[in-house]
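Engineer: Please read through the structure below; I'll follow up with questions.
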Amino acid sequence: MPVTVPPPPDQVHLMTEDGAPRRADALPAGRFEAGGAWVSAESGPRGLVIRAGAGPAGIARAVLTWRGGAAPAALVLGDAWERSYGDLQWRHLQPERVLPWYFLACDRAAGRTTGMGVATGAGAMCSWTVDEECVSLWLDLRSGGLPLLPGDRVVEAATVIGLDTGERPFAALGELCAALCPEPLLPPEPVVGSNNWYYAYGRGFGPEAVLRDARTVVEYAGGHRVRPFCVIDDGWTEGGGTAPGGPWDRGLPGVFDDMAGMAAAVAGTGARPGLWFRPLLSRVESAGPRPGVARDSGFPLDPSLPVALDAVAADLARFRAWGYELIKHDFSTYDVFGRFAHPGGPPELAEPGWSLADRSRTSAEILVALYRTVAEAAGDALIIGCNTVGHLAAGLVHIQRTGDDTSGREWERTRRMGVNTLAFRLPHHNRLYAVDADCVPCTPATDWELDRRFLDLVARSGTALFVSVDPAARTRRADADLAAGVQLALDGGTQGGVEPLDWLTTTAPTRWRAGDETLTFRWSPAWGATPLPV
């Protein structure tokens with residue numbers, strides 16, 4: 001089998017605070033200790049199980065190293081901490097490159113792909129570094145940006161799984177993802193619908209616009225047995241268009257006065273109602289705040305506090321009682337860590353020097369508890385995670401927004417973000433969650449011919465498809481294209497799915513296998529890609 005249980009690491013280094021790692025002493029039973037902290041590595045039925053603990057000084061990080069790195073000419077691929085930002089790619093060896101969650105090394109000369117990853121739902125923020133001599137797993141065990149103080153508790157930090165196969169790299173990553181998440185939470189049907197963000201951007205819309213979107217996507221569905229969704233994005237509460245916080249117990253006064261009635265009206269069109277919210281931010285002081293911390297003119301909640309999780313659960317239960325069948329929760333990574341995982345940024349999400357209220361749990365454990373709260377409170381509603389850490393949310397979200405925003409204003413963002421995340425995270429689809437590469441816009445500001453190509457590829461892929469259609473951009477041709485794409489996506493896409501054929505050499509693959517066909521997509525306008533900032 002291509003999936004393996006790795007041997008114990010050849011050496012371990014530990015950090016009880018920020019600074020240089022300290023070589024740990026190897027003790028019997030796979031245990032390593034230094035400075036009062038320890039980790040253990042023990043073979044289990046699924047992989048190599050890594051546990052950690054510490055004395056009064058706590059533990060910040062552990063580095064587990066295996067001798068024997070990648071071939072000098074190998075191409076290496078890793079994942080991203082949360083959403084990707086157009087930066088996923090195969091590269092030649094770069095020893096300092098941070099590879100979150102898993103890595104693959106493709107030795108094309110030998111026809112061999114190897115790799116290692118950690119199982120989803122880990123108790124640490126996990127990343128890899130790879131060079132010719134060794135492979136290292138970095139476990140960020142901190143609580144926020146300070147060392148973890150677990151007391152007598154043992155942290156289930158990670159389960160490590162290896163891969164060694166002669167399969168093509170795309171299939172190899174699919175095999176690894178399936179092994180990393182044996183119990184994904186998947187939607188029972190294809191997820192297709194409308195989302196108003198990429199033409200409204202949270203401004204100036206009301207119930208009639210929502211119902212118009214619902215009728216439009218139902219029209220595109222053409223009576224398909226699978227009902228499409230109509231998702232109301234940011235803008236249904238006060239402060240719309242700026243990703244505001246709660247309270248989430250009412251809509252925008254004078255506009256969305258009856259959110260339950262809104263859900264019923266959407267359902268009456270034949271669409272299924274969906275709703276966006278930002279769970280960890282409030283516009284007013286509320287239960288479970290983080291003292292002295294502000295985000296976007298609001299008050300972030302501390303998800304390590306039970307009272308904060310109770311507030312999140314109450315919001316989810318309310319949305320479900322109103323009748324919403326899909327709930328998109330957003331911004332929680334930013335609201336916890338205070339930044340996005342943009343390329344070129346720091347190697348870790350957490351800056352040093354701060355923590356959440358509960359320092360006995362790692363950041364990863366606290367995030368998993370938040371995602372579990374959302375999943376349990378949502379009942380039978382589908383959950384989309386956006387700006388969530390997908391590797392920790394897998395099994396607790398049905399659908400994961402895997403890339404940064406596409407755009408109804410600048411095609412370049414759709415090319416850079418949408419195409420890249422679809423290509424490089426497509427092996428996650430139906431193995432970790434259903435992939436959502438973000439919306440296909442149809443607006444007067446972008447070239448429909450380019451957007452249409454993205455629509456065609458997403459529809460063929462069988463991943464989640466959401467369209468954001470400005471009424472001002474509707475033409476006979478665009479409507480025909482959108483109807484064809486929506487109906488193909490509702491069918492589940494092309495039989496056999498799609499696969500990027502040139503992903504080893506580009507961040508925006510143009511050659512794709514779709515069933516028995518090989519298709520070529522030109523993603524850039526006549527002048528080429530535009531050098532826009534992220």
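Letters A, B, ... mark the chains of the structure tokens in the order given; residue numbers begin at 1 per chain; ligand numbers begin at 1, in order shown.
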I need the residues in segment 166-411 of chain A that are helix (DSSP H, G or I) according to DSSP; give them as a ChimeraX atom specification.

Structural biologist: /A:169-180,197-200,207-221,259-268,306-322,332-337,363-377,390-393,411

Engineer: So that I can check the surroundings of segment 321-330 of chain A, please list as a list in words every protein, DNA and RNA residue that reaches within 8 Å of it, counting only C-alpha atoms and ignoring chain neighbours fewer than 3 positions away.

Structural biologist: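 Using only C-alpha atoms, the neighbours found are Phe229, Val231, Met259, Ala260, Gly261, Ala263, Ala264, Arg272, Pro273, Gly274, Leu275, Trp276, Phe277, Arg278, Pro279, Leu316, Ala317, Arg318, Ala378, Asp380, Ala381, Leu382, Ile383, Ile384, Gly385, Cys386, Asn387 and Thr388 of chain A.
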
Engineer: Against segment 140-154 of chain A, which residues of segment 311-340 of chain A fall within 12 Å? For each one I want the closest pair of atoms and the distance in Å (one decimal), counting only C-alpha atoms, rows by chain and increasing residue number, as a tab-separated table.

Structural biologist:
residue	atom	partner	partner_atom	distance
A:Thr333	CA	A:Gly144	CA	11.5
A:Asp335	CA	A:Gly144	CA	11.9
A:Val336	CA	A:Gly144	CA	8.3
A:Phe337	CA	A:Gly144	CA	7.4
A:Gly338	CA	A:Gly144	CA	10.6

Engineer: So which one's closest to Val5 of chain A, A:Ile161, A:Gly223, A:Gly121, A:Asp25? Using only C-alpha atoms, please.

Structural biologist: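 Residue with the minimum atom-to-atom distance to Val5 of chain A: A:Ile161.
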
Engineer: When distances are computed from only C-alpha atoms, which of A:Ala369, A:Leu356, A:Ala364, A:Leu163 shows the smallest separation from Asp310 of chain A?

Structural biologist: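 Nearest candidate to Asp310 of chain A out of A:Ala369, A:Leu356, A:Ala364, A:Leu163: A:Ala369.
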
Engineer: List every residue of segment 116-207 of chain A that has an atom at most 9 Å from any atom of segment 43-48 of chain A, giving for each one its closest atom pair and the distance in Å to one decimal, counting only C-alpha atoms, sorted by chain and then by ascending residue number, as a Markdown table.

Structural biologist:
| residue | atom | partner | partner_atom | distance |
| --- | --- | --- | --- | --- |
| A:Val118 | CA | A:Gly47 | CA | 8.8 |
| A:Ala119 | CA | A:Gly47 | CA | 8.6 |
| A:Ala158 | CA | A:Leu48 | CA | 8.2 |
| A:Thr159 | CA | A:Leu48 | CA | 5.4 |
| A:Val160 | CA | A:Leu48 | CA | 4.9 |
| A:Ile161 | CA | A:Gly47 | CA | 4.9 |
| A:Gly162 | CA | A:Gly47 | CA | 7.8 |
| A:Ala179 | CA | A:Arg46 | CA | 8.1 |
| A:Leu180 | CA | A:Arg46 | CA | 8.8 |

Engineer: Go ahead and dump the residues you just picked, N, CA and C atoms, as a short mmCIF file (atom, residue, chain, number, x, y, z; two decimals), in the first residue's frame.

Structural biologist:
data_model
loop_
_atom_site.label_atom_id
_atom_site.label_comp_id
_atom_site.auth_asym_id
_atom_site.auth_seq_id
_atom_site.Cartn_x
_atom_site.Cartn_y
_atom_site.Cartn_z
N VAL A 118 0.11 14.96 8.63
CA VAL A 118 -0.50 14.69 9.92
C VAL A 118 -2.01 14.55 9.73
N ALA A 119 -2.60 13.68 10.50
CA ALA A 119 -4.04 13.46 10.41
C ALA A 119 -4.79 14.73 10.77
N ALA A 158 -0.30 14.92 17.32
CA ALA A 158 -0.42 14.62 15.89
C ALA A 158 -0.32 13.12 15.66
N THR A 159 -0.91 12.67 14.58
CA THR A 159 -0.69 11.32 14.07
C THR A 159 -0.06 11.47 12.69
N VAL A 160 1.14 10.93 12.52
CA VAL A 160 1.92 11.12 11.30
C VAL A 160 1.74 9.92 10.39
N ILE A 161 1.47 10.19 9.13
CA ILE A 161 1.23 9.14 8.13
C ILE A 161 2.19 9.39 6.97
N GLY A 162 2.80 8.34 6.45
CA GLY A 162 3.74 8.45 5.34
C GLY A 162 3.14 7.98 4.03
N ALA A 179 -6.15 9.08 3.64
CA ALA A 179 -5.60 8.47 4.85
C ALA A 179 -5.59 9.45 6.02
N LEU A 180 -5.41 10.73 5.74
CA LEU A 180 -5.35 11.73 6.80
C LEU A 180 -6.71 12.02 7.42
#

Engineer: Using only C-alpha atoms for the distances, tell me which of A:Gly408, A:Gly235, A:Gly193, A:Pro289 is nearest to Trp248 of chain A.

Structural biologist: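 Smallest distance to Trp248 of chain A is found for A:Gly235.
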
Engineer: To one decimal place, how far is atom CA of Tyr198 of chain A from atom CA of Ala478 of chain A in Å?

Structural biologist: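 Answer for the atom CA of Tyr198 of chain A to atom CA of Ala478 of chain A separation: 16.0 Å.
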
Engineer: Just how far from atom CA of Arg215 of chain A is atom CA of Gly268 of chain A, in Å to one decimal?

Structural biologist: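 For atom CA of Gly268 of chain A relative to atom CA of Arg215 of chain A, the distance reads 9.6 Å.
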
Engineer: Looking only at strand (DSSP E or B) from DSSP on the backbone, list the matching residues of segment 134-251 of chain A as a JSON list (two decimals) with all heavy atoms, in the first residue's frame.

Structural biologist:
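Written out: selection04.json:
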[["chain", "number", "residue", "atom", "x", "y", "z"],
["A", 134, "CYS", "N", 17.36, 15.70, 5.37],
["A", 134, "CYS", "CA", 16.38, 15.29, 6.38],
["A", 134, "CYS", "C", 15.01, 15.92, 6.11],
["A", 134, "CYS", "O", 14.86, 16.84, 5.32],
["A", 134, "CYS", "CB", 16.86, 15.66, 7.78],
["A", 134, "CYS", "SG", 17.02, 17.44, 8.06],
["A", 135, "VAL", "N", 14.04, 15.38, 6.83],
["A", 135, "VAL", "CA", 12.67, 15.89, 6.84],
["A", 135, "VAL", "C", 12.35, 16.21, 8.30],
["A", 135, "VAL", "O", 12.61, 15.40, 9.19],
["A", 135, "VAL", "CB", 11.68, 14.83, 6.31],
["A", 135, "VAL", "CG1", 10.24, 15.24, 6.59],
["A", 135, "VAL", "CG2", 11.88, 14.60, 4.82],
["A", 136, "SER", "N", 11.79, 17.39, 8.56],
["A", 136, "SER", "CA", 11.48, 17.80, 9.93],
["A", 136, "SER", "C", 10.01, 18.19, 10.06],
["A", 136, "SER", "O", 9.48, 18.91, 9.22],
["A", 136, "SER", "CB", 12.36, 18.98, 10.37],
["A", 136, "SER", "OG", 13.71, 18.60, 10.41],
["A", 137, "LEU", "N", 9.40, 17.71, 11.12],
["A", 137, "LEU", "CA", 8.03, 18.08, 11.48],
["A", 137, "LEU", "C", 8.10, 19.08, 12.63],
["A", 137, "LEU", "O", 8.65, 18.79, 13.70],
["A", 137, "LEU", "CB", 7.24, 16.84, 11.91],
["A", 137, "LEU", "CG", 5.87, 17.09, 12.54],
["A", 137, "LEU", "CD1", 4.93, 17.82, 11.59],
["A", 137, "LEU", "CD2", 5.25, 15.77, 13.02],
["A", 138, "TRP", "N", 7.54, 20.26, 12.42],
["A", 138, "TRP", "CA", 7.50, 21.32, 13.43],
["A", 138, "TRP", "C", 6.12, 21.34, 14.05],
["A", 138, "TRP", "O", 5.12, 21.56, 13.36],
["A", 138, "TRP", "CB", 7.81, 22.67, 12.79],
["A", 138, "TRP", "CG", 9.23, 22.81, 12.33],
["A", 138, "TRP", "CD1", 9.80, 22.21, 11.23],
["A", 138, "TRP", "CD2", 10.26, 23.56, 12.96],
["A", 138, "TRP", "NE1", 11.12, 22.55, 11.14],
["A", 138, "TRP", "CE2", 11.44, 23.39, 12.18],
["A", 138, "TRP", "CE3", 10.31, 24.38, 14.08],
["A", 138, "TRP", "CZ2", 12.65, 24.00, 12.50],
["A", 138, "TRP", "CZ3", 11.51, 25.00, 14.41],
["A", 138, "TRP", "CH2", 12.66, 24.80, 13.64],
["A", 139, "LEU", "N", 6.07, 21.11, 15.35],
["A", 139, "LEU", "CA", 4.81, 21.15, 16.09],
["A", 139, "LEU", "C", 4.76, 22.45, 16.89],
["A", 139, "LEU", "O", 5.55, 22.64, 17.82],
["A", 139, "LEU", "CB", 4.71, 19.96, 17.05],
["A", 139, "LEU", "CG", 4.79, 18.56, 16.44],
["A", 139, "LEU", "CD1", 4.73, 17.51, 17.55],
["A", 139, "LEU", "CD2", 3.68, 18.33, 15.43],
["A", 140, "ASP", "N", 3.86, 23.34, 16.52],
["A", 140, "ASP", "CA", 3.63, 24.56, 17.29],
["A", 140, "ASP", "C", 2.60, 24.20, 18.35],
["A", 140, "ASP", "O", 1.40, 24.09, 18.07],
["A", 140, "ASP", "CB", 3.14, 25.67, 16.38],
["A", 140, "ASP", "CG", 2.97, 27.00, 17.12],
["A", 140, "ASP", "OD1", 3.01, 27.00, 18.36],
["A", 140, "ASP", "OD2", 2.79, 28.03, 16.44],
["A", 143, "SER", "N", -0.10, 28.08, 23.13],
["A", 143, "SER", "CA", -1.47, 28.58, 23.30],
["A", 143, "SER", "C", -1.43, 30.04, 22.89],
["A", 143, "SER", "O", -0.92, 30.89, 23.62],
["A", 143, "SER", "CB", -1.92, 28.44, 24.76],
["A", 143, "SER", "OG", -3.24, 28.91, 24.92],
["A", 146, "LEU", "N", 2.19, 32.11, 23.36],
["A", 146, "LEU", "CA", 2.94, 31.80, 24.59],
["A", 146, "LEU", "C", 3.03, 30.29, 24.78],
["A", 146, "LEU", "O", 2.17, 29.54, 24.27],
["A", 146, "LEU", "CB", 2.26, 32.43, 25.81],
["A", 146, "LEU", "CG", 2.29, 33.96, 25.89],
["A", 146, "LEU", "CD1", 1.50, 34.43, 27.10],
["A", 146, "LEU", "CD2", 3.73, 34.48, 25.96],
["A", 148, "LEU", "N", 2.57, 26.60, 25.98],
["A", 148, "LEU", "CA", 1.45, 25.86, 26.55],
["A", 148, "LEU", "C", 1.77, 25.45, 27.98],
["A", 148, "LEU", "O", 2.90, 25.03, 28.27],
["A", 148, "LEU", "CB", 1.19, 24.62, 25.70],
["A", 148, "LEU", "CG", 0.12, 23.64, 26.19],
["A", 148, "LEU", "CD1", -1.27, 24.23, 25.97],
["A", 148, "LEU", "CD2", 0.26, 22.30, 25.45],
["A", 155, "VAL", "N", -1.06, 15.98, 25.73],
["A", 155, "VAL", "CA", -1.60, 16.53, 24.49],
["A", 155, "VAL", "C", -1.44, 15.51, 23.37],
["A", 155, "VAL", "O", -0.33, 15.02, 23.12],
["A", 155, "VAL", "CB", -0.88, 17.84, 24.12],
["A", 155, "VAL", "CG1", -1.42, 18.39, 22.80],
["A", 155, "VAL", "CG2", -1.02, 18.87, 25.23],
["A", 156, "GLU", "N", -2.55, 15.19, 22.73],
["A", 156, "GLU", "CA", -2.50, 14.34, 21.53],
["A", 156, "GLU", "C", -2.12, 15.25, 20.37],
["A", 156, "GLU", "O", -2.97, 15.85, 19.71],
["A", 156, "GLU", "CB", -3.86, 13.68, 21.30],
["A", 156, "GLU", "CG", -4.33, 12.79, 22.43],
["A", 156, "GLU", "CD", -3.53, 11.50, 22.54],
["A", 156, "GLU", "OE1", -3.01, 11.03, 21.50],
["A", 156, "GLU", "OE2", -3.42, 10.96, 23.65],
["A", 157, "ALA", "N", -0.83, 15.39, 20.12],
["A", 157, "ALA", "CA", -0.35, 16.44, 19.23],
["A", 157, "ALA", "C", -0.58, 16.14, 17.76],
["A", 157, "ALA", "O", -1.00, 17.04, 17.00],
["A", 157, "ALA", "CB", 1.15, 16.68, 19.48],
["A", 158, "ALA", "N", -0.30, 14.92, 17.32],
["A", 158, "ALA", "CA", -0.42, 14.62, 15.89],
["A", 158, "ALA", "C", -0.32, 13.12, 15.66],
["A", 158, "ALA", "O", 0.30, 12.40, 16.46],
["A", 158, "ALA", "CB", 0.68, 15.33, 15.10],
["A", 159, "THR", "N", -0.91, 12.67, 14.58],
["A", 159, "THR", "CA", -0.69, 11.32, 14.07],
["A", 159, "THR", "C", -0.06, 11.47, 12.69],
["A", 159, "THR", "O", -0.66, 12.08, 11.80],
["A", 159, "THR", "CB", -1.99, 10.52, 13.99],
["A", 159, "THR", "OG1", -2.52, 10.35, 15.31],
["A", 159, "THR", "CG2", -1.75, 9.15, 13.36],
["A", 160, "VAL", "N", 1.14, 10.93, 12.52],
["A", 160, "VAL", "CA", 1.92, 11.12, 11.30],
["A", 160, "VAL", "C", 1.74, 9.92, 10.39],
["A", 160, "VAL", "O", 1.85, 8.76, 10.83],
["A", 160, "VAL", "CB", 3.40, 11.32, 11.63],
["A", 160, "VAL", "CG1", 4.20, 11.58, 10.35],
["A", 160, "VAL", "CG2", 3.58, 12.48, 12.60],
["A", 161, "ILE", "N", 1.47, 10.19, 9.13],
["A", 161, "ILE", "CA", 1.23, 9.14, 8.13],
["A", 161, "ILE", "C", 2.19, 9.39, 6.97],
["A", 161, "ILE", "O", 2.38, 10.54, 6.53],
["A", 161, "ILE", "CB", -0.23, 9.16, 7.66],
["A", 161, "ILE", "CG1", -1.15, 8.84, 8.84],
["A", 161, "ILE", "CG2", -0.46, 8.16, 6.52],
["A", 161, "ILE", "CD1", -2.62, 9.05, 8.57],
["A", 162, "GLY", "N", 2.80, 8.34, 6.45],
["A", 162, "GLY", "CA", 3.74, 8.45, 5.34],
["A", 162, "GLY", "C", 3.14, 7.98, 4.03],
["A", 162, "GLY", "O", 2.10, 7.32, 3.99],
["A", 163, "LEU", "N", 3.83, 8.30, 2.95],
["A", 163, "LEU", "CA", 3.39, 7.92, 1.60],
["A", 163, "LEU", "C", 4.61, 7.61, 0.76],
["A", 163, "LEU", "O", 5.60, 8.35, 0.79],
["A", 163, "LEU", "CB", 2.60, 9.06, 0.96],
["A", 163, "LEU", "CG", 2.12, 8.82, -0.47],
["A", 163, "LEU", "CD1", 0.84, 7.99, -0.45],
["A", 163, "LEU", "CD2", 1.88, 10.12, -1.20],
["A", 164, "ASP", "N", 4.54, 6.51, 0.00],
["A", 164, "ASP", "CA", 5.61, 6.15, -0.94],
["A", 164, "ASP", "C", 4.95, 5.39, -2.07],
["A", 164, "ASP", "O", 4.44, 4.28, -1.88],
["A", 164, "ASP", "CB", 6.67, 5.29, -0.24],
["A", 164, "ASP", "CG", 7.91, 5.09, -1.10],
["A", 164, "ASP", "OD1", 7.83, 5.28, -2.32],
["A", 164, "ASP", "OD2", 8.97, 4.74, -0.53],
["A", 165, "THR", "N", 4.93, 5.99, -3.26],
["A", 165, "THR", "CA", 4.15, 5.40, -4.35],
["A", 165, "THR", "C", 4.74, 5.75, -5.70],
["A", 165, "THR", "O", 5.44, 6.76, -5.85],
["A", 165, "THR", "CB", 2.69, 5.89, -4.29],
["A", 165, "THR", "OG1", 1.93, 5.29, -5.35],
["A", 165, "THR", "CG2", 2.60, 7.40, -4.43],
["A", 192, "VAL", "N", -24.56, 23.60, -4.93],
["A", 192, "VAL", "CA", -24.61, 24.58, -6.02],
["A", 192, "VAL", "C", -25.56, 25.69, -5.60],
["A", 192, "VAL", "O", -26.57, 25.42, -4.94],
["A", 192, "VAL", "CB", -25.09, 23.94, -7.34],
["A", 192, "VAL", "CG1", -25.08, 24.95, -8.48],
["A", 192, "VAL", "CG2", -24.25, 22.73, -7.69],
["A", 193, "GLY", "N", -25.25, 26.92, -5.95],
["A", 193, "GLY", "CA", -26.17, 27.98, -5.60],
["A", 193, "GLY", "C", -25.67, 29.35, -6.00],
["A", 193, "GLY", "O", -24.69, 29.50, -6.75],
["A", 194, "SER", "N", -26.35, 30.37, -5.48],
["A", 194, "SER", "CA", -25.98, 31.75, -5.71],
["A", 194, "SER", "C", -25.46, 32.36, -4.42],
["A", 194, "SER", "O", -25.77, 31.90, -3.32],
["A", 194, "SER", "CB", -27.18, 32.57, -6.22],
["A", 194, "SER", "OG", -28.17, 32.67, -5.21],
["A", 195, "ASN", "N", -24.63, 33.40, -4.57],
["A", 195, "ASN", "CA", -24.11, 34.17, -3.44],
["A", 195, "ASN", "C", -23.96, 35.60, -3.93],
["A", 195, "ASN", "O", -23.35, 35.83, -4.98],
["A", 195, "ASN", "CB", -22.77, 33.60, -2.97],
["A", 195, "ASN", "CG", -22.18, 34.35, -1.79],
["A", 195, "ASN", "OD1", -21.96, 35.55, -1.85],
["A", 195, "ASN", "ND2", -21.89, 33.63, -0.72],
["A", 229, "PHE", "N", -28.91, 26.41, -3.70],
["A", 229, "PHE", "CA", -28.97, 27.31, -2.55],
["A", 229, "PHE", "C", -28.98, 28.77, -3.01],
["A", 229, "PHE", "O", -28.50, 29.10, -4.10],
["A", 229, "PHE", "CB", -27.75, 27.10, -1.64],
["A", 229, "PHE", "CG", -27.76, 25.81, -0.88],
["A", 229, "PHE", "CD1", -27.16, 24.67, -1.40],
["A", 229, "PHE", "CD2", -28.38, 25.73, 0.36],
["A", 229, "PHE", "CE1", -27.17, 23.48, -0.71],
["A", 229, "PHE", "CE2", -28.40, 24.54, 1.07],
["A", 229, "PHE", "CZ", -27.78, 23.41, 0.53],
["A", 230, "CYS", "N", -29.51, 29.63, -2.16],
["A", 230, "CYS", "CA", -29.35, 31.07, -2.31],
["A", 230, "CYS", "C", -28.77, 31.58, -1.00],
["A", 230, "CYS", "O", -29.46, 31.59, 0.03],
["A", 230, "CYS", "CB", -30.69, 31.75, -2.61],
["A", 230, "CYS", "SG", -30.59, 33.55, -2.66],
["A", 231, "VAL", "N", -27.49, 31.98, -1.03],
["A", 231, "VAL", "CA", -26.78, 32.37, 0.18],
["A", 231, "VAL", "C", -26.79, 33.90, 0.31],
["A", 231, "VAL", "O", -26.38, 34.62, -0.62],
["A", 231, "VAL", "CB", -25.32, 31.86, 0.16],
["A", 231, "VAL", "CG1", -24.58, 32.31, 1.41],
["A", 231, "VAL", "CG2", -25.30, 30.34, 0.04],
["A", 232, "ILE", "N", -27.26, 34.39, 1.45],
["A", 232, "ILE", "CA", -27.20, 35.81, 1.78],
["A", 232, "ILE", "C", -25.87, 36.06, 2.47],
["A", 232, "ILE", "O", -25.65, 35.60, 3.59],
["A", 232, "ILE", "CB", -28.36, 36.23, 2.70],
["A", 232, "ILE", "CG1", -29.70, 35.80, 2.11],
["A", 232, "ILE", "CG2", -28.34, 37.73, 2.93],
["A", 232, "ILE", "CD1", -30.87, 35.99, 3.07],
["A", 246, "GLY", "N", -21.45, 40.57, 15.29],
["A", 246, "GLY", "CA", -22.81, 40.48, 15.79],
["A", 246, "GLY", "C", -23.18, 41.71, 16.61],
["A", 246, "GLY", "O", -22.42, 42.69, 16.63]]

Engineer: Please provide the set of residues having any atom within 8 Å of Ile366 of chain A, restricted to only C-alpha atoms, with same-chain residues fewer than 4 positions apart removed, written as a ChimeraX atom specification.

Structural biologist: /A:303-304,361-362,370

Engineer: Rank A:Ala314, A:Val435, A:Val218, A:Cys177 by their smallest atom-to-atom distance to Thr373 of chain A, using only C-alpha atoms, and report the top residue only.

Structural biologist: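 When distances to Thr373 of chain A are compared using only C-alpha atoms, the smallest one comes from A:Ala314.
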
Engineer: Between A:Asn430, A:Ser84, A:Thr510, A:Ser468, which is the closest to Arg409 of chain A once you count only C-alpha atoms?

Structural biologist: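 Of A:Asn430, A:Ser84, A:Thr510, A:Ser468, the one nearest Arg409 of chain A is A:Ser468, counting only C-alpha atoms.
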
Engineer: Name the closest residue to Pro253 of chain A among the candidates A:Ala267, A:Ile50, A:Thr421, A:Trp236; distances are taken between atoms, counting only C-alpha atoms.

Structural biologist: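 Residue with the minimum atom-to-atom distance to Pro253 of chain A: A:Trp236.
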